[in-house]
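Here is the file model12.txt (compact mmCIF, C-alpha atoms).
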```txt
# COMPACT_ATOMS: atom_id res chain seq x y z
CA MET O 177 0.00 0.00 0.00
CA SER O 178 1.43 3.37 -1.03
CA GLY O 179 1.99 6.13 1.52
CA ARG O 180 -0.93 8.15 0.19
CA ALA O 181 -3.27 5.15 0.20
CA ALA O 182 -2.20 4.28 3.75
CA LEU O 183 -2.88 7.85 4.86
CA LEU O 184 -6.33 7.79 3.27
CA HIS O 185 -7.06 4.43 4.89
CA ARG O 186 -6.08 5.73 8.34
CA ALA O 187 -8.17 8.87 7.85
CA ARG O 188 -11.18 6.80 6.77
CA THR O 189 -10.74 4.44 9.71
CA ALA O 190 -10.55 7.39 12.12
CA VAL O 191 -13.59 9.22 10.72
CA LEU O 192 -15.90 6.27 9.94
CA PRO O 193 -17.01 5.50 13.54
CA TYR O 194 -18.07 9.13 14.09
CA ALA O 195 -19.87 9.20 10.76
CA ARG O 196 -21.79 6.08 11.83
CA LEU O 197 -22.66 7.70 15.16
CA THR O 198 -23.94 10.75 13.30
CA ALA O 199 -26.08 8.53 11.09
CA ALA O 200 -27.34 6.68 14.17
CA GLY O 201 -28.30 9.96 15.82
CA PHE O 202 -30.11 10.99 12.65
CA ARG O 203 -32.09 7.73 12.58
CA GLN O 204 -32.85 7.86 16.29
CA GLN O 205 -34.31 11.36 16.05
CA SER O 206 -36.42 10.31 13.06
CA THR O 207 -38.49 8.05 15.33
CA TYR O 208 -39.94 11.00 17.24
CA LEU O 209 -42.38 12.19 14.59
CA ALA O 210 -45.21 12.94 17.03
CA ALA O 211 -42.88 15.08 19.12
CA ALA O 212 -41.73 16.89 15.98
CA ALA O 213 -45.33 17.61 14.96
CA ALA O 214 -46.13 18.92 18.44
CA GLY O 215 -42.98 21.02 18.32
CA VAL O 216 -43.96 22.58 14.99
CA PHE O 217 -47.36 23.50 16.43
CA THR O 218 -45.79 25.06 19.54
CA ASN O 219 -43.14 26.92 17.56
CA THR O 220 -45.78 28.21 15.16
CA VAL O 221 -47.91 29.57 18.01
CA PHE O 222 -44.92 31.27 19.61
CA GLY O 223 -43.85 32.49 16.18
CA PHE O 224 -47.10 34.34 15.63
CA VAL O 225 -47.03 35.71 19.18
CA LYS O 226 -43.51 37.03 18.61
CA MET O 227 -44.57 38.33 15.22
CA ALA O 228 -47.36 40.41 16.77
CA ILE O 229 -45.08 41.81 19.48
CA LEU O 230 -42.02 42.54 17.35
CA LEU O 231 -43.94 44.01 14.41
CA ALA O 232 -45.70 46.30 16.89
CA THR O 233 -42.26 47.26 18.21
CA LEU O 234 -41.08 48.16 14.71
CA ALA O 235 -44.26 50.14 14.08
CA GLY O 236 -43.65 52.09 17.28
CA ALA O 237 -40.08 52.78 16.16
CA GLY O 238 -41.24 54.23 12.85
CA GLY O 239 -41.27 51.07 10.74
CA ALA O 240 -37.70 49.82 11.22
CA ALA O 241 -35.19 49.33 14.02
CA GLY O 242 -31.78 47.76 14.39
CA GLY O 243 -31.58 47.19 10.65
CA TYR O 244 -34.83 45.21 10.66
CA THR O 245 -37.81 45.92 8.44
CA PRO O 246 -41.08 44.03 9.02
CA GLU O 247 -40.12 41.52 6.30
CA LEU O 248 -36.68 40.89 7.82
CA MET O 249 -38.25 40.53 11.25
CA VAL O 250 -40.72 37.90 10.05
CA SER O 251 -37.83 35.98 8.47
CA TYR O 252 -35.88 36.14 11.71
CA ILE O 253 -38.89 34.91 13.72
CA PHE O 254 -39.71 31.81 11.70
CA LEU O 255 -36.14 30.85 10.79
CA SER O 256 -34.98 31.12 14.40
CA GLN O 257 -38.00 29.19 15.69
CA GLY O 258 -37.15 26.38 13.29
CA MET O 259 -33.59 26.10 14.62
CA LEU O 260 -34.32 25.91 18.35
CA THR O 261 -34.23 22.13 18.64
CA ALA O 262 -31.21 21.78 16.37
CA ILE O 263 -29.05 24.07 18.50
CA GLY O 264 -30.26 22.58 21.78
CA ALA O 265 -31.73 25.88 22.93
CA PHE O 266 -33.63 24.21 25.77
CA GLY O 267 -30.79 22.08 27.07
CA GLY O 268 -31.01 18.93 24.96
CA ASP O 269 -31.64 15.51 26.48
CA GLY O 270 -28.87 15.76 29.08
CA ALA O 271 -27.79 12.16 28.44
CA LEU O 272 -24.08 12.87 28.85
CA GLY O 273 -24.62 14.80 32.07
CA GLU O 274 -26.55 11.87 33.50
CA ARG O 275 -23.81 9.41 32.49
CA ILE O 276 -21.26 11.58 34.27
CA ARG O 277 -23.45 11.79 37.38
CA THR O 278 -23.90 8.02 37.57
CA GLY O 279 -20.31 7.22 36.61
CA ASP O 280 -21.34 5.35 33.46
CA VAL O 281 -19.09 7.70 31.50
CA ALA O 282 -16.19 5.55 32.72
CA VAL O 283 -17.28 2.94 30.17
CA ASP O 284 -17.15 5.61 27.45
CA PHE O 285 -13.53 6.37 28.33
CA LEU O 286 -12.67 2.70 27.84
CA ARG O 287 -13.93 2.70 24.27
CA PRO O 288 -11.52 3.40 21.38
CA LEU O 289 -13.29 6.67 20.56
CA ASP O 290 -12.88 10.25 21.68
CA VAL O 291 -15.68 10.83 24.23
CA GLN O 292 -16.30 14.42 23.13
CA PHE O 293 -16.41 13.72 19.41
CA ALA O 294 -18.56 10.62 19.91
CA ALA O 295 -21.08 12.54 22.02
CA LEU O 296 -21.17 15.45 19.57
CA ALA O 297 -21.46 13.18 16.52
CA THR O 298 -24.58 11.53 17.95
CA VAL O 299 -26.38 14.73 18.96
CA ILE O 300 -25.40 16.54 15.76
CA GLY O 301 -26.93 13.73 13.69
CA GLY O 302 -30.21 14.14 15.56
CA ALA O 303 -29.98 17.92 15.33
CA VAL O 304 -29.56 17.84 11.55
CA TYR O 305 -32.60 15.59 11.23
CA SER O 306 -34.68 17.98 13.38
CA LEU O 307 -34.34 20.62 10.68
CA ILE O 308 -36.49 18.51 8.35
CA PRO O 309 -39.71 18.20 10.39
CA ARG O 310 -39.28 21.52 12.20
CA ALA O 311 -37.31 24.15 10.28
CA LEU O 312 -38.72 23.39 6.84
CA PRO O 313 -42.43 23.50 7.89
CA LEU O 314 -41.84 26.71 9.84
CA ALA O 315 -40.15 28.31 6.83
CA VAL O 316 -43.18 27.34 4.72
CA ILE O 317 -45.56 28.77 7.34
CA GLY O 318 -43.54 31.98 7.49
CA ALA O 319 -43.54 32.23 3.69
CA ALA O 320 -47.32 31.79 3.72
CA THR O 321 -47.62 35.12 5.55
CA SER O 322 -46.27 36.78 2.36
CA MET O 323 -44.07 38.94 4.60
CA MET O 324 -40.91 36.86 4.70
CA ALA O 325 -37.72 38.29 3.16
CA TRP O 326 -35.24 36.06 1.34
CA ALA O 327 -31.69 36.73 0.16
CA SER O 328 -31.45 37.83 -3.46
CA GLU O 329 -27.85 36.60 -4.00
CA PRO O 330 -27.59 32.93 -5.07
CA ALA O 331 -24.32 32.61 -3.14
CA ALA O 332 -26.19 33.32 0.09
CA TYR O 333 -27.89 29.91 0.14
CA PRO O 334 -24.85 27.57 0.19
CA LEU O 335 -23.25 30.02 2.62
CA ALA O 336 -26.35 29.81 4.81
CA ALA O 337 -26.21 26.00 4.71
CA VAL O 338 -22.64 26.12 6.06
CA SER O 339 -23.74 28.67 8.65
CA VAL O 340 -26.61 26.44 9.82
CA LEU O 341 -24.24 23.49 10.24
CA LEU O 342 -21.79 25.64 12.20
CA SER O 343 -24.66 26.92 14.35
CA ILE O 344 -25.62 23.35 15.22
CA VAL O 345 -22.05 22.35 16.09
CA LEU O 346 -21.54 25.55 18.11
CA GLY O 347 -24.81 25.21 20.02
CA GLN O 348 -24.25 21.53 20.79
CA GLY O 349 -20.60 22.19 21.64
CA LEU O 350 -21.64 24.76 24.22
CA LEU O 351 -24.11 22.28 25.71
CA TYR O 352 -21.36 19.69 25.89
CA CYS O 353 -19.18 22.09 27.89
CA VAL O 354 -22.04 22.66 30.33
CA GLN O 355 -22.67 18.94 30.78
CA VAL O 356 -19.02 18.01 31.44
CA LEU O 357 -19.03 20.41 34.37
CA GLY O 358 -20.65 17.42 36.09
CA PHE O 359 -17.13 16.20 36.79
CA TRP O 360 -16.84 19.02 39.34
CA VAL O 361 -20.38 19.39 40.71
CA VAL O 362 -22.93 16.88 41.95
CA ASP O 363 -25.75 18.07 39.72
CA THR O 364 -25.53 20.30 36.64
CA ARG O 365 -29.25 21.08 36.39
CA GLY O 366 -28.87 24.50 37.99
CA ILE O 367 -25.96 25.38 35.69
CA LEU O 368 -27.94 24.12 32.71
CA MET O 369 -30.95 26.23 33.66
CA PHE O 370 -28.71 29.30 33.96
CA TYR O 371 -27.21 28.50 30.56
CA VAL O 372 -30.64 28.14 28.96
CA VAL O 373 -31.88 31.47 30.36
CA VAL O 374 -28.78 33.58 29.77
CA GLY O 375 -27.46 31.78 26.69
CA THR O 376 -30.70 31.81 24.72
CA PHE O 377 -31.21 35.49 25.54
CA LEU O 378 -27.75 36.39 24.24
CA MET O 379 -28.36 34.17 21.20
CA GLY O 380 -31.25 36.44 20.23
CA MET O 381 -33.93 33.82 20.77
CA PHE O 382 -36.40 36.31 22.25
CA VAL O 383 -35.49 39.41 20.26
CA PRO O 384 -32.76 39.72 17.61
CA VAL O 385 -29.39 40.87 18.86
CA GLY O 386 -29.68 43.89 16.57
CA LEU O 387 -32.45 45.25 18.82
CA PHE O 388 -30.31 45.08 21.96
CA PRO O 389 -29.04 48.36 23.44
CA GLY O 390 -25.65 49.17 21.94
CA TRP O 391 -23.64 48.17 25.02
CA LEU O 392 -25.50 44.85 25.38
CA GLU O 393 -25.16 44.08 21.68
CA ARG O 394 -21.38 44.52 21.95
CA ILE O 395 -21.24 42.24 24.99
CA ALA O 396 -23.32 39.59 23.19
CA GLU O 397 -21.08 39.70 20.13
CA LEU O 398 -18.03 39.06 22.31
CA THR O 399 -19.54 35.73 23.36
CA PRO O 400 -20.17 32.63 21.23
CA PHE O 401 -23.91 32.90 21.88
CA ALA O 402 -24.53 35.74 19.42
CA TRP O 403 -23.07 33.57 16.65
CA VAL O 404 -25.49 30.67 17.01
CA ILE O 405 -28.91 31.82 15.79
CA MET O 406 -28.37 35.18 14.17
CA PRO O 407 -25.84 34.41 11.34
CA PRO O 408 -27.97 31.89 9.36
CA CYS O 409 -31.09 34.02 9.86
CA ASP O 410 -29.33 37.18 8.65
CA ILE O 411 -27.78 35.41 5.64
CA LEU O 412 -30.97 33.64 4.53
CA SER O 413 -33.11 36.74 4.91
CA GLY O 414 -30.64 38.95 3.07
CA ARG O 415 -30.14 41.28 6.04
CA ILE O 416 -26.43 40.95 5.34
CA ASP O 417 -24.93 40.39 1.89
CA ALA O 418 -22.85 37.38 0.87
CA ALA O 419 -19.53 39.14 1.47
CA HIS O 420 -20.50 40.10 5.00
CA GLY O 421 -21.98 36.65 5.40
CA ALA O 422 -18.65 35.01 4.54
CA THR O 423 -16.96 37.03 7.29
CA THR O 424 -19.72 36.05 9.70
CA VAL O 425 -19.31 32.37 8.84
CA ALA O 426 -15.55 32.66 9.42
CA ILE O 427 -16.22 34.08 12.90
CA GLN O 428 -18.66 31.23 13.56
CA ALA O 429 -16.00 28.72 12.54
CA ALA O 430 -13.48 30.35 14.88
CA TRP O 431 -15.93 30.08 17.77
CA VAL O 432 -16.60 26.43 16.90
CA VAL O 433 -12.87 25.67 17.14
CA ALA O 434 -12.60 27.57 20.44
CA VAL O 435 -15.61 25.85 22.02
CA ILE O 436 -14.53 22.38 20.90
CA ALA O 437 -11.03 23.08 22.28
CA LEU O 438 -12.60 24.16 25.59
CA GLY O 439 -14.67 20.98 25.66
CA HIS O 440 -11.54 18.92 25.01
CA ILE O 441 -9.70 20.58 27.90
CA LEU O 442 -12.63 20.13 30.27
CA THR O 443 -12.94 16.48 29.26
CA ARG O 444 -9.27 15.77 29.94
CA LEU O 445 -9.34 17.55 33.29
CA GLY O 446 -12.61 15.86 34.22
CA ARG O 447 -11.25 12.43 33.38
CA ARG O 448 -8.47 12.96 35.91
CA ARG O 449 -11.05 13.73 38.59
CA LEU O 450 -13.37 10.84 37.78
CA GLU O 451 -13.76 8.32 40.56
CA VAL O 452 -16.12 5.36 40.19
CA GLN O 453 -16.93 3.19 43.19
CA GLY O 454 -18.78 -0.07 43.36
CA GLY O 455 -18.52 -3.59 42.03
```

What would the structure in this file look like if it were written as structure tokens?
Amino acid sequence: MSGRAALLHRARTAVLPYARLTAAGFRQQSTYLAAAAAGVFTNTVFGFVKMAILLATLAGAGGAAGGYTPELMVSYIFLSQGMLTAIGAFGGDGALGERIRTGDVAVDFLRPLDVQFAALATVIGGAVYSLIPRALPLAVIGAATSMMAWASEPAAYPLAAVSVLLSIVLGQGLLYCVQVLGFWVVDTRGILMFYVVVGTFLMGMFVPVGLFPGWLERIAELTPFAWVIMPPCDILSGRIDAAHGATTVAIQAAWVVAVIALGHILTRLGRRRLEVQGG
């Protein structure tokens, strides 16, 4: 076997298990169709509630605010609602945190896979699937209002697809970091609740970051949270052009690397602290 062929074989062998875990997560999430339907209904109701409130806010501000017109605001509302499950906005299933609490994560460390990448591969597979029964119907419902703005540049759509994927990895990576704090505390539920409240606010889940007061907007943009929901929404709606969108995607990618690196450090430190008792 040539050197190049050997290198390709090693790369394939290293990546294949995580690809299979991603596919398994995708298939697992596909079994929850009733939950997805209920989620679409709930997100639609909240979408129209937000639409009434935020459009009234724009009307009170003279028709536009923070770079948002009514059409851009409607796009933000329905696109962001469709991404909530994919980014784990409400804390995810907490499976890893529970395995750390019970000590079952010790078995994961014995497997010939990186614990962080294996956990992320599984949840990312499920997150990608969630876009199909949730994000797509909500985009159709938003478009049915005849008020939804879409990007006019063809390049915006593949760029948005990359941005959505980065948003999923970033959101799930942040959740991973929260869950591995279980190596240091008895129960991470309080930390997770704090993350959900503060993190989703800074993500722009309730109102877009562009409507924050200037000082708060700057603070949000210095955190990874502001780069989870807003970039794909702004690119798809055409609020920012493709050139600006490319810069935004590059910043997202940088935050993804930083958060995954943080998760790796926390995992290594947590492994040193792990003590499992019993027979």

Checklist entry - Near Ala212 of chain O, within 10 Å and counting all atoms listed in the file, which residues show up once chain neighbours fewer than 4 positions away are dropped, as a ChimeraX atom specification? => result /O:205-208,216-218,261,306-310

Next on the checklist: Ranking O:Ala282, O:Ala214, O:Val433, O:Met259 by minimum distance to Tyr305 of chain O and counting all atoms listed in the file, which one comes first?
Outcome noted: O:Met259

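Relative to atom CA of Asn219 of chain O, atom CA of Ala319 of chain O is found at 14.9 Å.
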
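Once Tyr333 of chain O and its same-chain neighbours fewer than 3 positions away are set aside, O:Trp326, O:Ala327, O:Ser328, O:Glu329, O:Pro330, O:Ala336, O:Ala337, O:Val338, O:Ser339, O:Val340, O:Pro408, O:Cys409, O:Asp410, O:Ile411, O:Leu412, O:Ser413, O:Gly414, O:Asp417, O:Ala418, O:Gly421, O:Ala422 remain within 12 Å of it when counting all atoms listed in the file.
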
Could you make a table, as a tab-separated table, of the residues of segment 287-316 of chain O that have an atom within 9 Å of an atom of segment 352-375 of chain O, each with its nearest atom pair and distance in Å to one decimal, counting all atoms listed in the file, in chain and number order?
```
residue	atom	partner	partner_atom	distance
O:Gln292	CA	O:Tyr352	CA	7.8
O:Ala295	CA	O:Tyr352	CA	8.1
O:Leu296	CA	O:Tyr352	CA	7.6
```

Item to check | Atom-to-atom span, atom CA of Trp403 of chain O and atom CA of Pro384 of chain O, Å | outcome: 11.5 Å

Next on the checklist: Here is a test: counting all atoms listed in the file, which residue of O:Arg444, O:Arg415, O:Arg196, O:Arg277 is nearest to Tyr244 of chain O?
Outcome noted: O:Arg415

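Among the candidate residues O:Gly386, O:Pro288, O:Pro334, O:Gly318, the one lying nearest to Ala241 of chain O is O:Gly386, with distances computed using all atoms listed in the file.
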
Dump of segment 186-214 of chain O from preceding block, N, CA and C atoms, as a PDB file, in the first residue's frame:
```pdb
ATOM      1  N   ARG O 186      -6.075   5.353   6.928  1.00  0.00           N
ATOM      2  CA  ARG O 186      -6.081   5.733   8.343  1.00  0.00           C
ATOM      3  C   ARG O 186      -7.108   6.830   8.613  1.00  0.00           C
ATOM      4  N   ALA O 187      -7.197   7.784   7.684  1.00  0.00           N
ATOM      5  CA  ALA O 187      -8.170   8.866   7.854  1.00  0.00           C
ATOM      6  C   ALA O 187      -9.591   8.315   7.817  1.00  0.00           C
ATOM      7  N   ARG O 188      -9.846   7.406   6.877  1.00  0.00           N
ATOM      8  CA  ARG O 188     -11.183   6.796   6.769  1.00  0.00           C
ATOM      9  C   ARG O 188     -11.514   5.994   8.024  1.00  0.00           C
ATOM     10  N   THR O 189     -10.530   5.246   8.513  1.00  0.00           N
ATOM     11  CA  THR O 189     -10.745   4.436   9.710  1.00  0.00           C
ATOM     12  C   THR O 189     -11.031   5.323  10.923  1.00  0.00           C
ATOM     13  N   ALA O 190     -10.363   6.482  10.985  1.00  0.00           N
ATOM     14  CA  ALA O 190     -10.550   7.389  12.118  1.00  0.00           C
ATOM     15  C   ALA O 190     -11.902   8.084  12.069  1.00  0.00           C
ATOM     16  N   VAL O 191     -12.374   8.436  10.866  1.00  0.00           N
ATOM     17  CA  VAL O 191     -13.593   9.217  10.715  1.00  0.00           C
ATOM     18  C   VAL O 191     -14.845   8.348  10.691  1.00  0.00           C
ATOM     19  N   LEU O 192     -14.726   7.121  10.160  1.00  0.00           N
ATOM     20  CA  LEU O 192     -15.897   6.274   9.940  1.00  0.00           C
ATOM     21  C   LEU O 192     -16.746   6.033  11.189  1.00  0.00           C
ATOM     22  N   PRO O 193     -16.156   5.734  12.359  1.00  0.00           N
ATOM     23  CA  PRO O 193     -17.007   5.502  13.541  1.00  0.00           C
ATOM     24  C   PRO O 193     -17.864   6.715  13.904  1.00  0.00           C
ATOM     25  N   TYR O 194     -17.311   7.919  13.758  1.00  0.00           N
ATOM     26  CA  TYR O 194     -18.066   9.126  14.093  1.00  0.00           C
ATOM     27  C   TYR O 194     -19.151   9.397  13.053  1.00  0.00           C
ATOM     28  N   ALA O 195     -18.849   9.069  11.792  1.00  0.00           N
ATOM     29  CA  ALA O 195     -19.873   9.196  10.757  1.00  0.00           C
ATOM     30  C   ALA O 195     -21.036   8.258  11.032  1.00  0.00           C
ATOM     31  N   ARG O 196     -20.725   7.042  11.503  1.00  0.00           N
ATOM     32  CA  ARG O 196     -21.786   6.085  11.825  1.00  0.00           C
ATOM     33  C   ARG O 196     -22.593   6.549  13.033  1.00  0.00           C
ATOM     34  N   LEU O 197     -21.936   7.163  14.008  1.00  0.00           N
ATOM     35  CA  LEU O 197     -22.658   7.696  15.161  1.00  0.00           C
ATOM     36  C   LEU O 197     -23.571   8.844  14.740  1.00  0.00           C
ATOM     37  N   THR O 198     -23.100   9.663  13.810  1.00  0.00           N
ATOM     38  CA  THR O 198     -23.936  10.754  13.304  1.00  0.00           C
ATOM     39  C   THR O 198     -25.162  10.200  12.597  1.00  0.00           C
ATOM     40  N   ALA O 199     -24.957   9.170  11.781  1.00  0.00           N
ATOM     41  CA  ALA O 199     -26.082   8.534  11.088  1.00  0.00           C
ATOM     42  C   ALA O 199     -27.040   7.895  12.083  1.00  0.00           C
ATOM     43  N   ALA O 200     -26.492   7.297  13.148  1.00  0.00           N
ATOM     44  CA  ALA O 200     -27.339   6.680  14.167  1.00  0.00           C
ATOM     45  C   ALA O 200     -28.166   7.729  14.891  1.00  0.00           C
ATOM     46  N   GLY O 201     -27.556   8.876  15.188  1.00  0.00           N
ATOM     47  CA  GLY O 201     -28.298   9.961  15.823  1.00  0.00           C
ATOM     48  C   GLY O 201     -29.399  10.490  14.922  1.00  0.00           C
ATOM     49  N   PHE O 202     -29.117  10.552  13.635  1.00  0.00           N
ATOM     50  CA  PHE O 202     -30.114  10.989  12.649  1.00  0.00           C
ATOM     51  C   PHE O 202     -31.304  10.038  12.653  1.00  0.00           C
ATOM     52  N   ARG O 203     -31.016   8.725  12.596  1.00  0.00           N
ATOM     53  CA  ARG O 203     -32.087   7.727  12.577  1.00  0.00           C
ATOM     54  C   ARG O 203     -32.871   7.717  13.884  1.00  0.00           C
ATOM     55  N   GLN O 204     -32.175   7.863  14.992  1.00  0.00           N
ATOM     56  CA  GLN O 204     -32.849   7.864  16.287  1.00  0.00           C
ATOM     57  C   GLN O 204     -33.847   9.011  16.384  1.00  0.00           C
ATOM     58  N   GLN O 205     -33.425  10.196  15.968  1.00  0.00           N
ATOM     59  CA  GLN O 205     -34.311  11.357  16.045  1.00  0.00           C
ATOM     60  C   GLN O 205     -35.500  11.213  15.107  1.00  0.00           C
ATOM     61  N   SER O 206     -35.340  10.460  14.032  1.00  0.00           N
ATOM     62  CA  SER O 206     -36.421  10.306  13.057  1.00  0.00           C
ATOM     63  C   SER O 206     -37.593   9.495  13.601  1.00  0.00           C
ATOM     64  N   THR O 207     -37.400   8.841  14.749  1.00  0.00           N
ATOM     65  CA  THR O 207     -38.488   8.048  15.326  1.00  0.00           C
ATOM     66  C   THR O 207     -39.469   8.908  16.121  1.00  0.00           C
ATOM     67  N   TYR O 208     -39.103  10.156  16.400  1.00  0.00           N
ATOM     68  CA  TYR O 208     -39.942  11.004  17.240  1.00  0.00           C
ATOM     69  C   TYR O 208     -40.796  11.944  16.391  1.00  0.00           C
ATOM     70  N   LEU O 209     -41.587  11.373  15.500  1.00  0.00           N
ATOM     71  CA  LEU O 209     -42.381  12.194  14.588  1.00  0.00           C
ATOM     72  C   LEU O 209     -43.499  12.939  15.316  1.00  0.00           C
ATOM     73  N   ALA O 210     -44.135  12.279  16.286  1.00  0.00           N
ATOM     74  CA  ALA O 210     -45.211  12.940  17.026  1.00  0.00           C
ATOM     75  C   ALA O 210     -44.672  14.143  17.798  1.00  0.00           C
ATOM     76  N   ALA O 211     -43.500  13.972  18.399  1.00  0.00           N
ATOM     77  CA  ALA O 211     -42.882  15.083  19.124  1.00  0.00           C
ATOM     78  C   ALA O 211     -42.528  16.224  18.173  1.00  0.00           C
ATOM     79  N   ALA O 212     -42.068  15.860  16.972  1.00  0.00           N
ATOM     80  CA  ALA O 212     -41.731  16.892  15.983  1.00  0.00           C
ATOM     81  C   ALA O 212     -42.974  17.664  15.562  1.00  0.00           C
ATOM     82  N   ALA O 213     -44.086  16.949  15.347  1.00  0.00           N
ATOM     83  CA  ALA O 213     -45.335  17.613  14.963  1.00  0.00           C
ATOM     84  C   ALA O 213     -45.815  18.546  16.066  1.00  0.00           C
ATOM     85  N   ALA O 214     -45.734  18.071  17.314  1.00  0.00           N
ATOM     86  CA  ALA O 214     -46.132  18.918  18.441  1.00  0.00           C
ATOM     87  C   ALA O 214     -45.210  20.129  18.540  1.00  0.00           C
TER      88      ALA O 214
END
```
